[in-house]
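Engineer: Okay, so here is input-v3.txt, and as you'll see once you scroll down, it has compact mmCIF, C-alpha atoms (C1' of nucleotides).
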```txt
# COMPACT_ATOMS: atom_id res chain seq x y z
CA MET K 1 17.64 8.78 107.50
CA GLY K 2 15.88 12.12 107.52
CA TYR K 3 16.85 15.20 105.57
CA TRP K 4 16.16 18.80 106.49
CA LEU K 5 16.87 22.38 105.58
CA MET K 6 17.67 24.88 108.31
CA LYS K 7 17.69 28.62 107.70
CA SER K 8 19.85 31.18 109.38
CA GLU K 9 20.95 34.69 108.62
CA PRO K 10 24.73 34.79 108.28
CA GLU K 11 24.77 37.89 110.48
CA THR K 12 23.21 35.87 113.27
CA PHE K 13 24.85 32.46 112.83
CA SER K 14 26.79 31.40 109.77
CA ILE K 15 28.20 28.18 108.40
CA ASP K 16 31.64 29.54 109.29
CA ASP K 17 30.52 30.01 112.89
CA LEU K 18 29.41 26.38 112.96
CA LYS K 19 32.66 25.24 111.40
CA LYS K 20 34.54 27.02 114.14
CA LYS K 21 32.38 25.77 116.99
CA LYS K 22 31.94 22.25 115.59
CA VAL K 23 28.68 21.73 117.50
CA GLU K 24 26.00 24.27 118.35
CA PHE K 25 22.53 24.37 119.84
CA TRP K 26 20.10 25.61 117.21
CA ASP K 27 18.15 28.11 119.28
CA GLY K 28 15.77 30.94 118.65
CA VAL K 29 13.18 29.16 116.53
CA ARG K 30 9.88 30.75 117.45
CA ASN K 31 7.49 29.15 115.04
CA TYR K 32 5.29 26.22 115.99
CA GLN K 33 5.63 24.20 112.80
CA ALA K 34 9.40 24.49 112.94
CA ARG K 35 9.42 23.72 116.64
CA ASN K 36 7.34 20.60 116.18
CA MET K 37 9.74 19.25 113.60
CA MET K 38 12.72 19.82 115.85
CA ARG K 39 10.97 18.45 118.91
CA ASP K 40 9.30 15.46 117.31
CA ASP K 41 10.81 14.54 113.99
CA MET K 42 14.52 15.27 113.86
CA LYS K 43 16.63 12.25 114.72
CA VAL K 44 20.27 11.93 115.64
CA GLY K 45 22.17 11.28 112.43
CA ASP K 46 19.78 13.21 110.19
CA LEU K 47 21.44 15.63 107.80
CA ALA K 48 20.44 19.21 107.12
CA PHE K 49 21.23 21.73 104.42
CA PHE K 50 22.52 24.92 106.03
CA TYR K 51 20.65 27.75 104.28
CA HIS K 52 21.50 31.42 104.50
CA SER K 53 18.73 33.97 104.09
CA ASN K 54 18.84 37.76 104.03
CA CYS K 55 22.20 37.97 102.33
CA ASP K 56 23.72 38.70 98.92
CA VAL K 57 23.28 35.15 97.62
CA PRO K 58 20.51 33.35 99.43
CA GLY K 59 21.10 29.62 99.22
CA ILE K 60 22.58 26.49 100.72
CA TYR K 61 26.11 26.95 102.02
CA GLY K 62 26.83 23.51 103.44
CA ILE K 63 25.66 20.55 105.47
CA ALA K 64 25.12 19.96 109.18
CA LYS K 65 24.23 16.84 111.10
CA ILE K 66 21.77 16.45 113.96
CA VAL K 67 23.74 15.17 116.93
CA LYS K 68 21.17 15.65 119.68
CA ALA K 69 17.40 15.40 119.34
CA GLY K 70 14.99 18.11 120.45
CA TYR K 71 15.23 19.56 123.95
CA PRO K 72 14.00 22.80 125.54
CA ASP K 73 15.41 26.08 124.30
CA LYS K 74 16.53 27.82 127.47
CA SER K 75 17.01 31.13 125.71
CA ALA K 76 13.24 31.55 125.97
CA LEU K 77 13.63 31.70 129.76
CA ASN K 78 16.39 34.27 129.78
CA PRO K 79 15.15 37.89 129.96
CA GLU K 80 18.53 39.02 128.66
CA SER K 81 18.18 36.98 125.50
CA LYS K 82 16.75 38.40 122.32
CA TYR K 83 14.81 35.13 122.13
CA PHE K 84 13.18 35.65 125.53
CA ASP K 85 9.53 34.59 125.67
CA PRO K 86 7.63 35.56 128.83
CA LYS K 87 5.17 32.74 128.22
CA ALA K 88 7.84 30.05 128.46
CA SER K 89 8.64 28.39 131.78
CA ASN K 90 10.52 25.41 133.11
CA ASP K 91 7.28 23.45 133.35
CA ASN K 92 6.23 24.54 129.89
CA PRO K 93 9.36 25.32 127.89
CA ARG K 94 7.29 26.15 124.80
CA TRP K 95 10.31 26.23 122.46
CA PHE K 96 12.77 23.52 121.47
CA GLY K 97 16.00 23.16 119.59
CA VAL K 98 18.48 20.50 118.51
CA ASP K 99 22.25 20.23 118.51
CA VAL K 100 23.86 20.34 115.09
CA ALA K 101 27.42 19.52 114.10
CA PHE K 102 29.42 20.89 111.22
CA VAL K 103 29.79 18.46 108.32
CA GLU K 104 30.76 20.39 105.24
CA LYS K 105 30.95 23.85 103.73
CA PHE K 106 30.46 23.97 99.98
CA ALA K 107 33.11 25.66 97.85
CA GLN K 108 30.24 27.49 96.15
CA PRO K 109 26.75 27.92 97.59
CA ILE K 110 23.81 26.30 95.85
CA SER K 111 21.83 29.44 95.23
CA LEU K 112 18.11 29.88 95.53
CA SER K 113 17.96 30.91 91.89
CA GLN K 114 19.72 27.69 90.84
CA MET K 115 17.13 25.70 92.74
CA ARG K 116 14.29 27.69 91.24
CA ALA K 117 15.63 26.86 87.79
CA GLU K 118 15.69 23.10 88.47
CA LEU K 119 12.45 21.55 87.20
CA LYS K 120 12.83 18.51 89.42
CA LEU K 121 12.49 20.75 92.45
CA GLN K 122 8.98 21.87 91.64
CA GLY K 123 6.99 21.32 94.81
CA PHE K 124 9.95 21.84 97.13
CA ARG K 125 8.55 23.95 99.95
CA LEU K 126 11.48 26.31 100.07
CA LEU K 127 10.49 27.54 96.63
CA ASP K 128 6.85 28.27 97.52
CA LYS K 129 5.94 31.88 97.19
CA GLY K 130 6.15 33.54 100.56
CA SER K 131 7.73 30.52 102.22
CA ARG K 132 9.14 31.67 105.54
CA LEU K 133 9.42 28.47 107.50
CA SER K 134 12.89 28.26 109.01
CA ILE K 135 12.98 24.45 109.28
CA LEU K 136 11.87 22.38 106.30
CA PRO K 137 11.74 18.66 105.59
CA VAL K 138 13.63 17.62 102.45
CA SER K 139 12.75 14.41 100.63
CA ASP K 140 15.33 11.87 99.47
CA ASN K 141 14.80 12.93 95.89
CA GLU K 142 15.07 16.61 96.69
CA TRP K 143 18.25 16.02 98.66
CA GLN K 144 19.92 14.15 95.81
CA THR K 145 18.71 16.60 93.19
CA ILE K 146 20.02 19.56 95.14
CA LEU K 147 23.41 17.93 95.72
CA LYS K 148 23.76 17.49 91.98
CA LEU K 149 23.51 21.27 91.58
CA LYS K 150 26.83 21.66 93.39
CA SER K 151 29.43 23.21 91.16
C1' DG W 152 -14.43 31.69 116.70
C1' DC W 153 -13.82 35.64 113.61
C1' DC W 154 -10.90 38.91 111.79
C1' DA W 155 -8.34 43.36 111.77
C1' DA W 156 -4.08 44.98 113.27
C1' DC W 157 0.41 44.26 113.94
C1' DG W 158 5.15 42.31 113.73
C1' DT W 159 8.37 39.46 111.22
C1' DT W 160 10.47 37.19 107.35
C1' DG W 161 13.09 37.32 103.39
C1' DG W 162 13.63 38.06 98.33
C1' DC W 163 14.48 41.65 95.45
C1' DG G 164 14.51 50.14 101.77
C1' DC G 165 10.27 48.13 99.87
C1' DC G 166 6.65 45.16 100.20
C1' DA G 167 4.10 40.68 99.83
C1' DA G 168 3.19 36.78 102.53
C1' DC G 169 2.55 34.82 106.68
C1' DG G 170 1.83 33.95 111.86
C1' DT G 171 0.21 35.76 116.14
C1' DT G 172 -2.45 38.60 119.09
C1' DG G 173 -6.42 40.38 121.12
C1' DG G 174 -10.97 42.72 120.98
C1' DC G 175 -15.47 41.56 120.22
```
Starting from the file, lay out its structure as structure tokens.
Structural biologist:
Amino acid sequence: MGYWLMKSEPETFSIDDLKKKKVEFWDGVRNYQARNMMRDDMKVGDLAFFYHSNCDVPGIYGIAKIVKAGYPDKSALNPESKYFDPKASNDNPRWFGVDVAFVEKFAQPISLSQMRAELKLQGFRLLDKGSRLSILPVSDNEWQTILKLKS
DNA sequence: GCCAACGTTGGC
DNA sequence: GCCAACGTTGGC
């Protein structure tokens, strides 16, 4: 099974929103590395940490599950959407997303600073200086190590 | 193909 | 709100 980390700003889409909706299309990713992972590498059944950025306590707020593998992100075709991309078309959708389902919301988030303090997480890409990638692969070891930080 | 300019991300 | 890091764009 694959493990991932998916970033979202709580203002845009939060773990509570996902809990309410149960399943949601993860749209709006406009970065090629992140797109490639969603299009090519994410499999149904994979689990993902739900990370919130740009908020009081940046960190992991819960877990989601991939329930549908990558397919075109139609928001790129919609001029009304804030994710509209004039270079996308039906023939060449350019951007992709996956469906994720709510699994769990942690009682307390696992904060970025907690993860930075964990020596075993040295090398985890999230912690790289200037890391901005919104979809990240998480190794087995990293996944287990991070879960142990839950309070 | 280089690289400066620009826009965005995201922690602080 | 600041600013460093990064990705993308576009002129040449």
Engineer: For CA of Lys150 in chain K and CA of Pro109 in chain K, quote the distance in Å rounded to one decimal.
Structural biologist: 7.5 Å
Engineer: DC165 in chain G: which residues within 12 Å, counting all atoms listed in the file, same-chain residues fewer than 4 positions away excluded, as a tab-separated table (two decimals) with C-alpha atoms (C1' of nucleotides), keeping the file's coordinate frame?
Structural biologist:
```
chain	number	residue	atom	x	y	z
W	161	DG	C1'	13.09	37.32	103.39
W	162	DG	C1'	13.63	38.06	98.33
W	163	DC	C1'	14.48	41.65	95.45
```
Engineer: Distance cut-off 8 Å, counting all atoms listed in the file - which residues of chain G neighbour chain K? Return them as a ChimeraX atom specification.
Structural biologist: /G:167-169
Engineer: For a test of reading the model, state the distance in Å between CA of Ile135 in chain K and CA of Ser8 in chain K, rounded to one decimal.
Structural biologist: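 Between CA of Ile135 in chain K and CA of Ser8 in chain K the gap is 9.6 Å.
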Engineer: For the atom pair CA of Leu121 in chain K and CA of Asp17 in chain K, what is the interatomic distance in Å to one decimal place?
Structural biologist: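 Between these atoms lies a distance of 28.8 Å.
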Engineer: So which one's closest to Met37 in chain K, K:Tyr51, K:Phe25, K:Tyr83, K:Trp95? Using only C-alpha atoms, please.
Structural biologist: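 Using only C-alpha atoms, Met37 in chain K sits closest to K:Trp95.
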